[in-house]
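Containing PDB, C-alpha atoms: my_file_7.pdb.
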MODEL        1
ATOM      1  CA  MET Y  11      10.133 -37.479  -4.806
ATOM      2  CA  GLY Y  12       8.931 -33.887  -4.530
ATOM      3  CA  LEU Y  13       5.993 -32.654  -2.515
ATOM      4  CA  ASN Y  14       2.839 -32.242  -4.601
ATOM      5  CA  PHE Y  15       0.235 -29.507  -4.271
ATOM      6  CA  GLU Y  16      -2.234 -31.669  -2.341
ATOM      7  CA  TYR Y  17       0.359 -32.675   0.248
ATOM      8  CA  ILE Y  18       1.556 -29.103   0.751
ATOM      9  CA  ALA Y  19      -1.949 -27.571   0.866
ATOM     10  CA  GLY Y  20      -3.097 -30.119   3.438
ATOM     11  CA  HIS Y  21      -0.011 -30.029   5.657
ATOM     12  CA  PRO Y  22      -0.905 -28.959   9.215
ATOM     13  CA  ALA Y  23       2.321 -26.960   9.572
ATOM     14  CA  LEU Y  24       1.919 -25.039   6.304
ATOM     15  CA  HIS Y  25       0.392 -21.994   8.030
ATOM     16  CA  ARG Y  26       3.295 -21.654  10.465
ATOM     17  CA  HIS Y  27       5.988 -22.026   7.804
ATOM     18  CA  VAL Y  28       4.296 -19.674   5.332
ATOM     19  CA  GLU Y  29       4.039 -17.077   8.104
ATOM     20  CA  ALA Y  30       7.834 -17.274   8.507
ATOM     21  CA  GLN Y  31       8.250 -17.208   4.717
ATOM     22  CA  SER Y  32       6.133 -14.037   4.464
ATOM     23  CA  LYS Y  33       8.316 -12.361   7.090
ATOM     24  CA  ALA Y  34      11.456 -13.358   5.152
ATOM     25  CA  LEU Y  35      10.042 -11.849   1.952
ATOM     26  CA  LEU Y  36       9.135  -8.664   3.818
ATOM     27  CA  HIS Y  37      12.728  -8.468   5.059
ATOM     28  CA  ILE Y  38      13.911  -8.572   1.438
ATOM     29  CA  TYR Y  39      11.530  -5.702   0.709
ATOM     30  CA  GLU Y  40      12.914  -3.698   3.628
ATOM     31  CA  THR Y  41      16.529  -4.185   2.569
ATOM     32  CA  SER Y  42      15.987  -3.803  -1.191
ATOM     33  CA  PRO Y  43      12.659  -2.037  -1.813
ATOM     34  CA  ARG Y  44      13.509  -1.130  -5.400
ATOM     35  CA  LEU Y  45      14.297  -4.719  -6.319
ATOM     36  CA  ALA Y  46      11.402  -6.126  -4.299
ATOM     37  CA  ALA Y  47       9.055  -3.822  -6.207
ATOM     38  CA  VAL Y  48       9.987  -5.744  -9.359
ATOM     39  CA  PHE Y  49       8.113  -8.710  -7.879
ATOM     40  CA  ALA Y  50       5.313  -6.617  -6.395
ATOM     41  CA  THR Y  51       2.470  -7.316  -8.840
ATOM     42  CA  GLN Y  52       1.482 -10.528 -10.540
ATOM     43  CA  GLN Y  53       2.429  -9.295 -13.998
ATOM     44  CA  ARG Y  54       5.809  -7.841 -12.984
ATOM     45  CA  TRP Y  55       6.581 -10.982 -10.991
ATOM     46  CA  LEU Y  56       5.988 -13.139 -14.063
ATOM     47  CA  LEU Y  57       7.901 -10.724 -16.302
ATOM     48  CA  ALA Y  58      10.848 -10.907 -13.902
ATOM     49  CA  HIS Y  59      10.844 -14.708 -13.835
ATOM     50  CA  THR Y  60      10.665 -14.767 -17.634
ATOM     51  CA  GLY Y  61      13.706 -12.511 -17.886
ATOM     52  CA  LEU Y  62      15.650 -14.457 -15.276
ATOM     53  CA  ALA Y  63      14.958 -17.729 -17.078
ATOM     54  CA  LEU Y  64      16.347 -16.299 -20.328
ATOM     55  CA  HIS Y  65      19.374 -14.943 -18.445
ATOM     56  CA  PHE Y  66      20.197 -18.334 -16.905
ATOM     57  CA  ALA Y  67      19.497 -20.275 -20.121
ATOM     58  CA  ARG Y  68      22.190 -18.418 -22.059
ATOM     59  CA  ASP Y  69      25.016 -20.365 -23.650
ATOM     60  CA  PRO Y  70      28.106 -18.091 -23.876
ATOM     61  CA  ARG Y  71      29.189 -20.026 -26.976
ATOM     62  CA  ASP Y  72      25.922 -19.375 -28.830
ATOM     63  CA  PRO Y  73      24.947 -15.745 -29.554
ATOM     64  CA  ARG Y  74      21.444 -16.913 -30.463
ATOM     65  CA  THR Y  75      20.748 -17.639 -26.787
ATOM     66  CA  GLU Y  76      21.666 -14.159 -25.534
ATOM     67  CA  LEU Y  77      19.081 -12.231 -23.535
ATOM     68  CA  THR Y  78      17.856  -9.488 -25.843
ATOM     69  CA  LEU Y  79      14.764  -7.324 -25.992
ATOM     70  CA  ALA Y  80      13.472  -9.279 -28.983
ATOM     71  CA  ARG Y  81      13.852 -12.660 -27.233
ATOM     72  CA  PHE Y  82      12.295 -11.303 -24.045
ATOM     73  CA  ILE Y  83       9.264  -9.950 -25.914
ATOM     74  CA  ASP Y  84       8.846 -13.247 -27.774
ATOM     75  CA  ALA Y  85       8.836 -15.182 -24.477
ATOM     76  CA  VAL Y  86       6.422 -12.747 -22.813
ATOM     77  CA  LEU Y  87       3.996 -13.020 -25.726
ATOM     78  CA  HIS Y  88       4.372 -16.814 -25.854
ATOM     79  CA  TYR Y  89       3.214 -17.110 -22.241
ATOM     80  CA  SER Y  90       0.612 -14.313 -22.548
ATOM     81  CA  VAL Y  91       2.154 -12.436 -19.643
ATOM     82  CA  ALA Y  92       1.857  -8.920 -21.058
ATOM     83  CA  SER Y  93       1.670  -6.868 -24.236
ATOM     84  CA  ARG Y  94       4.670  -6.039 -26.382
ATOM     85  CA  ASN Y  95       4.643  -2.419 -25.166
ATOM     86  CA  THR Y  96       4.464  -3.458 -21.510
ATOM     87  CA  ALA Y  97       7.356  -5.877 -21.958
ATOM     88  CA  GLU Y  98       9.489  -3.214 -23.620
ATOM     89  CA  ALA Y  99       8.665  -0.654 -20.914
ATOM     90  CA  PHE Y 100       9.574  -3.211 -18.233
ATOM     91  CA  ILE Y 101      13.021  -3.755 -19.741
ATOM     92  CA  LYS Y 102      13.637  -0.007 -19.984
ATOM     93  CA  GLU Y 103      12.749   0.370 -16.310
ATOM     94  CA  MET Y 104      15.010  -2.529 -15.309
ATOM     95  CA  LEU Y 105      17.899  -0.923 -17.186
ATOM     96  CA  TYR Y 106      17.228   2.473 -15.623
ATOM     97  CA  TYR Y 107      17.350   1.053 -12.085
ATOM     98  CA  HIS Y 108      20.362  -1.189 -12.840
ATOM     99  CA  ILE Y 109      18.423  -4.401 -12.259
ATOM    100  CA  ILE Y 110      19.852  -5.485 -15.603
ATOM    101  CA  GLU Y 111      22.745  -4.080 -17.640
ATOM    102  CA  TYR Y 112      23.844  -4.049 -21.257
ATOM    103  CA  LEU Y 113      26.676  -6.239 -22.427
ATOM    104  CA  PRO Y 114      29.270  -4.849 -24.891
ATOM    105  CA  HIS Y 115      27.744  -5.071 -28.348
ATOM    106  CA  THR Y 116      27.544  -3.452 -31.750
ATOM    107  CA  GLY Y 117      24.350  -3.732 -33.748
ATOM    108  CA  ASP Y 118      20.692  -2.757 -33.622
ATOM    109  CA  GLY Y 119      18.951  -2.103 -30.311
ATOM    110  CA  ARG Y 120      16.593  -5.105 -30.320
ATOM    111  CA  ALA Y 121      19.596  -7.427 -30.640
ATOM    112  CA  HIS Y 122      21.672  -5.652 -27.983
ATOM    113  CA  PRO Y 123      22.202  -8.320 -25.267
ATOM    114  CA  PHE Y 124      21.938  -7.591 -21.570
ATOM    115  CA  GLN Y 125      22.305  -9.549 -18.359
ATOM    116  CA  VAL Y 126      20.921  -9.493 -14.850
ATOM    117  CA  THR Y 127      23.334  -7.680 -12.518
ATOM    118  CA  ALA Y 128      25.249  -9.523  -9.814
ATOM    119  CA  ALA Y 129      23.500  -7.492  -7.093
ATOM    120  CA  THR Y 130      20.091  -8.535  -8.444
ATOM    121  CA  LEU Y 131      21.052 -12.200  -8.540
ATOM    122  CA  LYS Y 132      22.289 -12.045  -4.961
ATOM    123  CA  GLU Y 133      18.952 -10.674  -3.775
ATOM    124  CA  PHE Y 134      17.022 -13.247  -5.803
ATOM    125  CA  ASP Y 135      18.909 -15.951  -3.918
ATOM    126  CA  GLY Y 136      17.047 -14.722  -0.829
ATOM    127  CA  TRP Y 137      13.710 -15.436  -2.531
ATOM    128  CA  VAL Y 138      14.830 -18.977  -3.329
ATOM    129  CA  VAL Y 139      16.196 -19.543   0.183
ATOM    130  CA  ALA Y 140      12.911 -18.437   1.794
ATOM    131  CA  HIS Y 141      10.905 -20.971  -0.191
ATOM    132  CA  LEU Y 142      13.354 -23.863   0.167
ATOM    133  CA  ARG Y 143      13.344 -23.277   3.917
ATOM    134  CA  THR Y 144       9.551 -23.563   3.896
ATOM    135  CA  LEU Y 145       9.684 -26.837   1.959
ATOM    136  CA  ASP Y 146      12.320 -28.247   4.320
ATOM    137  CA  GLY Y 147      10.093 -27.298   7.239
ATOM    138  CA  LEU Y 148       7.246 -29.359   5.804
ATOM    139  CA  ASP Y 149       9.121 -32.648   5.459
ATOM    140  CA  GLY Y 150      12.400 -32.223   7.348
ATOM    141  CA  GLY Y 151      14.305 -32.139   4.055
ATOM    142  CA  ASP Y 152      17.695 -30.633   3.283
ATOM    143  CA  ARG Y 153      16.996 -28.726   0.065
ATOM    144  CA  LEU Y 154      18.437 -25.505   1.423
ATOM    145  CA  ALA Y 155      21.695 -27.173   2.456
ATOM    146  CA  ALA Y 156      22.026 -28.784  -0.974
ATOM    147  CA  PHE Y 157      21.269 -25.480  -2.703
ATOM    148  CA  LEU Y 158      23.847 -23.580  -0.665
ATOM    149  CA  GLU Y 159      26.492 -26.261  -1.245
ATOM    150  CA  GLN Y 160      26.005 -26.428  -5.011
ATOM    151  CA  HIS Y 161      27.437 -23.240  -6.483
ATOM    152  CA  GLY Y 162      25.563 -22.308  -9.628
ATOM    153  CA  MET Y 163      22.531 -24.477  -8.936
ATOM    154  CA  ILE Y 164      20.337 -21.388  -9.305
ATOM    155  CA  ALA Y 165      21.113 -21.371 -13.050
ATOM    156  CA  ARG Y 166      19.470 -24.797 -13.434
ATOM    157  CA  LEU Y 167      16.718 -24.242 -10.877
ATOM    158  CA  GLN Y 168      15.245 -20.877 -11.838
ATOM    159  CA  PRO Y 169      14.328 -21.625 -15.483
ATOM    160  CA  LEU Y 170      12.407 -24.703 -14.274
ATOM    161  CA  VAL Y 171      10.675 -22.613 -11.605
ATOM    162  CA  ALA Y 172       9.751 -19.990 -14.194
ATOM    163  CA  GLU Y 173       8.333 -22.591 -16.570
ATOM    164  CA  GLY Y 174       6.272 -24.086 -13.755
ATOM    165  CA  LEU Y 175       4.922 -20.745 -12.533
ATOM    166  CA  LEU Y 176       4.063 -19.559 -16.036
ATOM    167  CA  SER Y 177       2.185 -22.818 -16.675
ATOM    168  CA  SER Y 178       0.357 -23.014 -13.321
ATOM    169  CA  ASN Y 179      -3.363 -22.175 -13.369
ATOM    170  CA  PRO Y 180      -3.605 -21.678  -9.573
ATOM    171  CA  VAL Y 181      -0.730 -19.188  -9.787
ATOM    172  CA  ARG Y 182      -1.846 -17.457 -12.982
ATOM    173  CA  GLU Y 183      -5.570 -17.384 -12.170
ATOM    174  CA  PRO Y 184      -6.058 -17.025  -8.397
ATOM    175  CA  LYS Y 185      -9.427 -16.467  -6.725
ATOM    176  CA  GLN Y 186     -11.243 -13.153  -6.503
ATOM    177  CA  THR Y 187      -9.703 -11.393  -3.490
ATOM    178  CA  PHE Y 188      -6.161 -12.466  -4.300
ATOM    179  CA  SER Y 189      -6.746 -11.200  -7.848
ATOM    180  CA  LEU Y 190      -7.924  -7.889  -6.421
ATOM    181  CA  PHE Y 191      -4.556  -7.294  -4.754
ATOM    182  CA  ILE Y 192      -2.132  -8.733  -7.316
ATOM    183  CA  TRP Y 193      -2.801  -5.824  -9.688
ATOM    184  CA  LEU Y 194      -2.208  -3.251  -6.946
ATOM    185  CA  ASN Y 195       1.261  -1.712  -6.923
ATOM    186  CA  ASN Y 196       3.158  -3.715  -4.263
ATOM    187  CA  GLY Y 197       0.014  -5.830  -3.920
ATOM    188  CA  GLY Y 198       1.965  -9.008  -3.288
ATOM    189  CA  ILE Y 199       3.766  -7.274  -0.444
ATOM    190  CA  VAL Y 200       0.425  -6.031   0.920
ATOM    191  CA  MET Y 201      -0.767  -9.628   1.182
ATOM    192  CA  ASP Y 202       2.516 -10.820   2.683
ATOM    193  CA  TRP Y 203       2.210  -8.057   5.293
ATOM    194  CA  LEU Y 204      -1.378  -9.015   6.144
ATOM    195  CA  MET Y 205      -0.598 -12.718   6.363
ATOM    196  CA  SER Y 206       2.696 -12.353   8.251
ATOM    197  CA  GLY Y 207       0.813 -10.842  11.184
ATOM    198  CA  ILE Y 208      -1.588 -13.762  11.537
ATOM    199  CA  ASP Y 209      -1.240 -16.230  14.373
ATOM    200  CA  PRO Y 210      -1.372 -19.677  12.706
ATOM    201  CA  ASP Y 211      -3.438 -20.892  15.665
ATOM    202  CA  ASN Y 212      -6.233 -18.598  14.431
ATOM    203  CA  ALA Y 213      -6.239 -20.017  10.890
ATOM    204  CA  GLY Y 214      -9.514 -21.838  11.487
ATOM    205  CA  LEU Y 215     -11.504 -18.744  12.486
ATOM    206  CA  ASP Y 216     -14.052 -17.203  10.119
ATOM    207  CA  ARG Y 217     -12.513 -13.766  10.734
ATOM    208  CA  ILE Y 218      -8.776 -14.058  11.310
ATOM    209  CA  PRO Y 219      -7.115 -11.114  13.147
ATOM    210  CA  THR Y 220      -4.034  -9.538  11.556
ATOM    211  CA  SER Y 221      -1.530  -7.130  13.103
ATOM    212  CA  VAL Y 222      -2.732  -4.174  10.988
ATOM    213  CA  VAL Y 223      -4.463  -1.285  12.763
ATOM    214  CA  SER Y 224      -3.618   1.882  10.835
ATOM    215  CA  ILE Y 225      -4.051   2.067   7.052
ATOM    216  CA  GLY Y 226      -1.856   5.184   7.076
ATOM    217  CA  GLU Y 227       1.084   3.408   8.716
ATOM    218  CA  PHE Y 228       0.473   0.383   6.511
ATOM    219  CA  ALA Y 229       0.567   2.523   3.341
ATOM    220  CA  SER Y 230       3.578   4.534   4.507
ATOM    221  CA  TRP Y 231       5.681   1.450   5.166
ATOM    222  CA  LEU Y 232       4.735   0.034   1.761
ATOM    223  CA  LYS Y 233       5.346   3.393   0.041
ATOM    224  CA  LEU Y 234       1.825   3.272  -1.365
ATOM    225  CA  SER Y 235      -0.797   5.919  -1.836
ATOM    226  CA  ARG Y 236      -2.994   5.791   1.255
ATOM    227  CA  THR Y 237      -6.014   6.650  -0.892
ATOM    228  CA  HIS Y 238      -5.280   3.886  -3.391
ATOM    229  CA  LEU Y 239      -4.686   1.291  -0.694
ATOM    230  CA  ALA Y 240      -7.830   2.319   1.178
ATOM    231  CA  ARG Y 241      -9.842   1.977  -2.035
ATOM    232  CA  LYS Y 242      -8.576  -1.549  -2.578
ATOM    233  CA  LEU Y 243      -9.313  -2.470   1.019
ATOM    234  CA  ARG Y 244     -12.857  -1.129   0.650
ATOM    235  CA  ASP Y 245     -13.277  -3.287  -2.451
ATOM    236  CA  ALA Y 246     -12.082  -6.258  -0.421
ATOM    237  CA  GLU Y 247     -14.523  -5.298   2.362
ATOM    238  CA  LYS Y 248     -17.393  -5.392  -0.122
ATOM    239  CA  LEU Y 249     -16.392  -8.953  -0.950
ATOM    240  CA  GLY Y 250     -16.432  -9.775   2.775
ATOM    241  CA  SER Y 251     -12.715 -10.552   2.628
ATOM    242  CA  VAL Y 252     -11.396  -8.000   5.145
ATOM    243  CA  GLY Y 253     -12.860  -5.875   7.901
ATOM    244  CA  TRP Y 254     -12.222  -4.373  11.307
ATOM    245  CA  LEU Y 255     -12.878  -5.951  14.689
ATOM    246  CA  GLY Y 256     -14.006  -2.545  15.967
ATOM    247  CA  GLN Y 257     -13.822   1.026  14.709
ATOM    248  CA  ARG Y 258     -11.974   1.432  11.412
ATOM    249  CA  GLY Y 259      -8.434   2.700  12.002
ATOM    250  CA  HIS Y 260      -8.697   2.131  15.754
ATOM    251  CA  SER Y 261      -8.947  -1.634  15.878
ATOM    252  CA  VAL Y 262      -7.321  -4.672  14.327
ATOM    253  CA  MET Y 263      -8.049  -5.600  10.728
ATOM    254  CA  TRP Y 264      -9.223  -9.122  10.039
ATOM    255  CA  VAL Y 265      -9.118 -11.236   6.882
ATOM    256  CA  SER Y 266     -11.785 -13.766   6.039
ATOM    257  CA  ASN Y 267     -11.028 -17.448   6.165
ATOM    258  CA  SER Y 268     -11.769 -17.700   2.435
ATOM    259  CA  PHE Y 269      -9.236 -14.940   1.599
ATOM    260  CA  TYR Y 270      -6.663 -16.605   3.828
ATOM    261  CA  GLN Y 271      -7.261 -19.928   2.088
ATOM    262  CA  GLU Y 272      -6.908 -18.227  -1.326
ATOM    263  CA  TYR Y 273      -3.505 -16.952  -0.238
ATOM    264  CA  MET Y 274      -2.458 -20.356   1.109
ATOM    265  CA  THR Y 275      -3.624 -22.087  -2.069
ATOM    266  CA  VAL Y 276      -1.395 -19.871  -4.203
ATOM    267  CA  GLN Y 277       1.505 -20.429  -1.798
ATOM    268  CA  ALA Y 278       1.007 -24.201  -1.965
ATOM    269  CA  ALA Y 279       0.903 -24.114  -5.777
ATOM    270  CA  LYS Y 280       4.058 -21.982  -5.898
ATOM    271  CA  LEU Y 281       5.873 -24.230  -3.426
ATOM    272  CA  ALA Y 282       4.906 -27.340  -5.406
ATOM    273  CA  VAL Y 283       6.369 -25.758  -8.548
ATOM    274  CA  ILE Y 284       9.594 -24.855  -6.749
ATOM    275  CA  ASP Y 285       9.929 -28.319  -5.218
ATOM    276  CA  ALA Y 286       9.351 -30.063  -8.557
ATOM    277  CA  ALA Y 287      12.007 -27.836 -10.116
ATOM    278  CA  PHE Y 288      14.404 -28.542  -7.269
ATOM    279  CA  GLU Y 289      13.950 -32.303  -7.535
ATOM    280  CA  ALA Y 290      14.539 -32.112 -11.296
ATOM    281  CA  CYS Y 291      17.956 -30.497 -10.872
ATOM    282  CA  ARG Y 292      19.011 -31.846  -7.468
ATOM    283  CA  PRO Y 293      22.561 -33.209  -7.769
ATOM    284  CA  ALA Y 294      23.344 -36.781  -6.839
ATOM    285  CA  SER Y 295      24.952 -36.246  -3.424
ATOM    286  CA  PRO Y 296      24.635 -37.365   0.196
ATOM    287  CA  HIS Y 297      21.877 -34.770   0.508
ATOM    288  CA  ALA Y 298      19.755 -36.493  -2.104
ATOM    289  CA  GLY Y 299      18.429 -38.956   0.468
TER     290      GLY Y 299
ENDMDL
END
Would you write the structure of this file as structure tokens?
Amino acid sequence: MGLNFEYIAGHPALHRHVEAQSKALLHIYETSPRLAAVFATQQRWLLAHTGLALHFARDPRDPRTELTLARFIDAVLHYSVASRNTAEAFIKEMLYYHIIEYLPHTGDGRAHPFQVTAATLKEFDGWVVAHLRTLDGLDGGDRLAAFLEQHGMIARLQPLVAEGLLSSNPVREPKQTFSLFIWLNNGGIVMDWLMSGIDPDNAGLDRIPTSVVSIGEFASWLKLSRTHLARKLRDAEKLGSVGWLGQRGHSVMWVSNSFYQEYMTVQAAKLAVIDAAFEACRPASPHAG
């Protein structure tokens, strides 16, 4: 049986394992910033999962299942992820940066099939690995070993993950401070950075210290506008969600316990979706125990 949201959210080791998970996701950003940016806002993250699900659900024997612009737009509209224009612009950007590529085809543009590139799929494996490692850490499981042993399991797993994420209210409609950041360019990475610098032993404090001191260095590493990031942080300050232990820019930034719990709630919901998907496509093997 998979781990449900309540079990994950209440697990005493969740903070420690999510800290390690955040660091793993930041490493992906450092090694592939262009690709990581695809997952950097809530909307783009959901658009990417929608496209990946269509890519993996293809049947080479059935042209009707090919990943095309028309099918992508239909799926995006079905799940209310974005507008038609936004979906089309997203695909054009993914083609421009070689995240996806056209397949040989003759016909009109909307029916021209494309696929996710091999390099993109390899990097996405890192996202899956980071989350399976977290789940294994919570119950001593062997999901990661089973995933690595079963070549091609990602093709069964990801569409189930996408369906779960697109249908999850805690993921789609997070609380106020989390929502503030998910629309910021690289906002998801901003939160991962903040949370990765938190000592899990401090998770119970009202004001939890992070490792961030300089907004300028923070913005530079994230390749964000310092002005834009500072504006978002001021908005978060007004909500009482972040602040400084001393003088701004010369002391450590803190996050409120409520903001931290918002972040952990979304992580628990996401992990529950991934675990349910994994259990649904786990092969019958010695690792299934």
- Query: Quick one: which residues end up in the PyMOL selection byres ((chain Y and resi 187) around 8) for this structure, as a list of chain:residue names?
  - Reply: Y:Lys185, Y:Gln186, Y:Phe188, Y:Ser189, Y:Leu190, Y:Phe191, Y:Ala246, Y:Leu249, Y:Ser251, Y:Phe269, Y:Glu272
- Expected residue set, 9 Å radius at (-10.0, -24.0, 8.0), all atoms listed in the file, as a ChimeraX atom specification: /Y:213-216,267-268,271
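Of note, atom CA of Glu159 of chain Y and atom CA of Gly147 of chain Y are spaced 18.5 Å apart.
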- Convert the output of the PyMOL selection byres ((chain Y and resi 222-230) around 10) on the shown file into explicit residues, formatted as a ChimeraX atom specification. /Y:200,203-205,207-208,219-221,231-240,243,254-255,257-264
Around all listed atoms of segment 72-78 of chain Y, padded 5 Å per side, what centre and edge lengths does the axis-aligned box have in Å to one decimal, as JSON?
{"center_x": 21.9, "center_y": -14.4, "center_z": -27.0, "size_x": 18.1, "size_y": 19.9, "size_z": 16.9}
- segment 274-276 of chain Y environment, 10 Å, all atoms listed in the file, sequence neighbours closer than 4 positions dropped, as a PyMOL selection string: chain Y and resi 15-16+18-20+24-25+28+178-185+188+205+268-270+280-282
Keeping C-alpha atoms, export the residues of the selection given above as a PDB file, in the coordinates of the input.
ATOM      1  CA  PHE Y  15       0.235 -29.507  -4.271  1.00  0.00           C
ATOM      2  CA  GLU Y  16      -2.234 -31.669  -2.341  1.00  0.00           C
ATOM      3  CA  ILE Y  18       1.556 -29.103   0.751  1.00  0.00           C
ATOM      4  CA  ALA Y  19      -1.949 -27.571   0.866  1.00  0.00           C
ATOM      5  CA  GLY Y  20      -3.097 -30.119   3.438  1.00  0.00           C
ATOM      6  CA  LEU Y  24       1.919 -25.039   6.304  1.00  0.00           C
ATOM      7  CA  HIS Y  25       0.392 -21.994   8.030  1.00  0.00           C
ATOM      8  CA  VAL Y  28       4.296 -19.674   5.332  1.00  0.00           C
ATOM      9  CA  SER Y 178       0.357 -23.014 -13.321  1.00  0.00           C
ATOM     10  CA  ASN Y 179      -3.363 -22.175 -13.369  1.00  0.00           C
ATOM     11  CA  PRO Y 180      -3.605 -21.678  -9.573  1.00  0.00           C
ATOM     12  CA  VAL Y 181      -0.730 -19.188  -9.787  1.00  0.00           C
ATOM     13  CA  ARG Y 182      -1.846 -17.457 -12.982  1.00  0.00           C
ATOM     14  CA  GLU Y 183      -5.570 -17.384 -12.170  1.00  0.00           C
ATOM     15  CA  PRO Y 184      -6.058 -17.025  -8.397  1.00  0.00           C
ATOM     16  CA  LYS Y 185      -9.427 -16.467  -6.725  1.00  0.00           C
ATOM     17  CA  PHE Y 188      -6.161 -12.466  -4.300  1.00  0.00           C
ATOM     18  CA  MET Y 205      -0.598 -12.718   6.363  1.00  0.00           C
ATOM     19  CA  SER Y 268     -11.769 -17.700   2.435  1.00  0.00           C
ATOM     20  CA  PHE Y 269      -9.236 -14.940   1.599  1.00  0.00           C
ATOM     21  CA  TYR Y 270      -6.663 -16.605   3.828  1.00  0.00           C
ATOM     22  CA  LYS Y 280       4.058 -21.982  -5.898  1.00  0.00           C
ATOM     23  CA  LEU Y 281       5.873 -24.230  -3.426  1.00  0.00           C
ATOM     24  CA  ALA Y 282       4.906 -27.340  -5.406  1.00  0.00           C
TER      25      ALA Y 282
END
- Using only C-alpha atoms: which of Y:Asn212, Y:Asn196, Y:Gln277, Y:Asn14 has the shortest distance to Tyr39 of chain Y: Y:Asn196
- Arg26 of chain Y environment, 10 Å, only C-alpha atoms, sequence neighbours closer than 4 positions dropped, as a list in words: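 Here the answer would be Pro22, Ala30, Gln31, Thr144, Gly147, Leu148, Ser206, Ile208, Asp209, Pro210, Asp211 and Ala213 of chain Y.
Take the candidates Y:Pro43, Y:Gly12, Y:Pro169, Y:Gly250 and check each one against Glu133 of chain Y using only C-alpha atoms; the shortest distance goes to Y:Pro43.
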- Among the residues Y:Pro114, Y:Gly61, Y:Gly253, Y:Gly151, the one that comes closest to Leu131 of chain Y [using all atoms listed in the file]: Y:Gly61
- Query: Leaving out Leu167 of chain Y and any residue of its chain fewer than 5 positions from it, which residues lie within 10 Å of it when counting all atoms listed in the file, given as a list in words?
  - Reply: Ala63, Phe66, Val138, Phe157, Gly162, Ala172, Ile284, Asp285, Ala286, Ala287, Phe288, Glu289, Ala290, Cys291 and Arg292 of chain Y
- Item | Near-Ala34 of chain Y list (10 Å; only C-alpha atoms; drop same-chain fewer than 5 positions) as number ranges by chain | Y: 28-29, 39-40, 136-137, 139-141, 202, 206
- Note on the structure: In Å and to one decimal, atom CA of Thr96 of chain Y is distant from atom CA of Phe82 of chain Y by 11.4 Å
- Message: Applying the PyMOL selection byres ((chain Y and resi 102-109) around 10) to the file I just gave you, which residues come out? Please list them as a count of residues only.
- Response: 22
- d(atom CA of Asn95 of chain Y, atom CA of Leu57 of chain Y) in Å: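 Spanning atom CA of Asn95 of chain Y to atom CA of Leu57 of chain Y is a straight-line distance of 12.6 Å.
Proximity of Y:Ala23, Y:Val91, Y:Ala279, Y:Leu62 to Leu176 of chain Y, computed with all atoms listed in the file, is greatest for Y:Val91.
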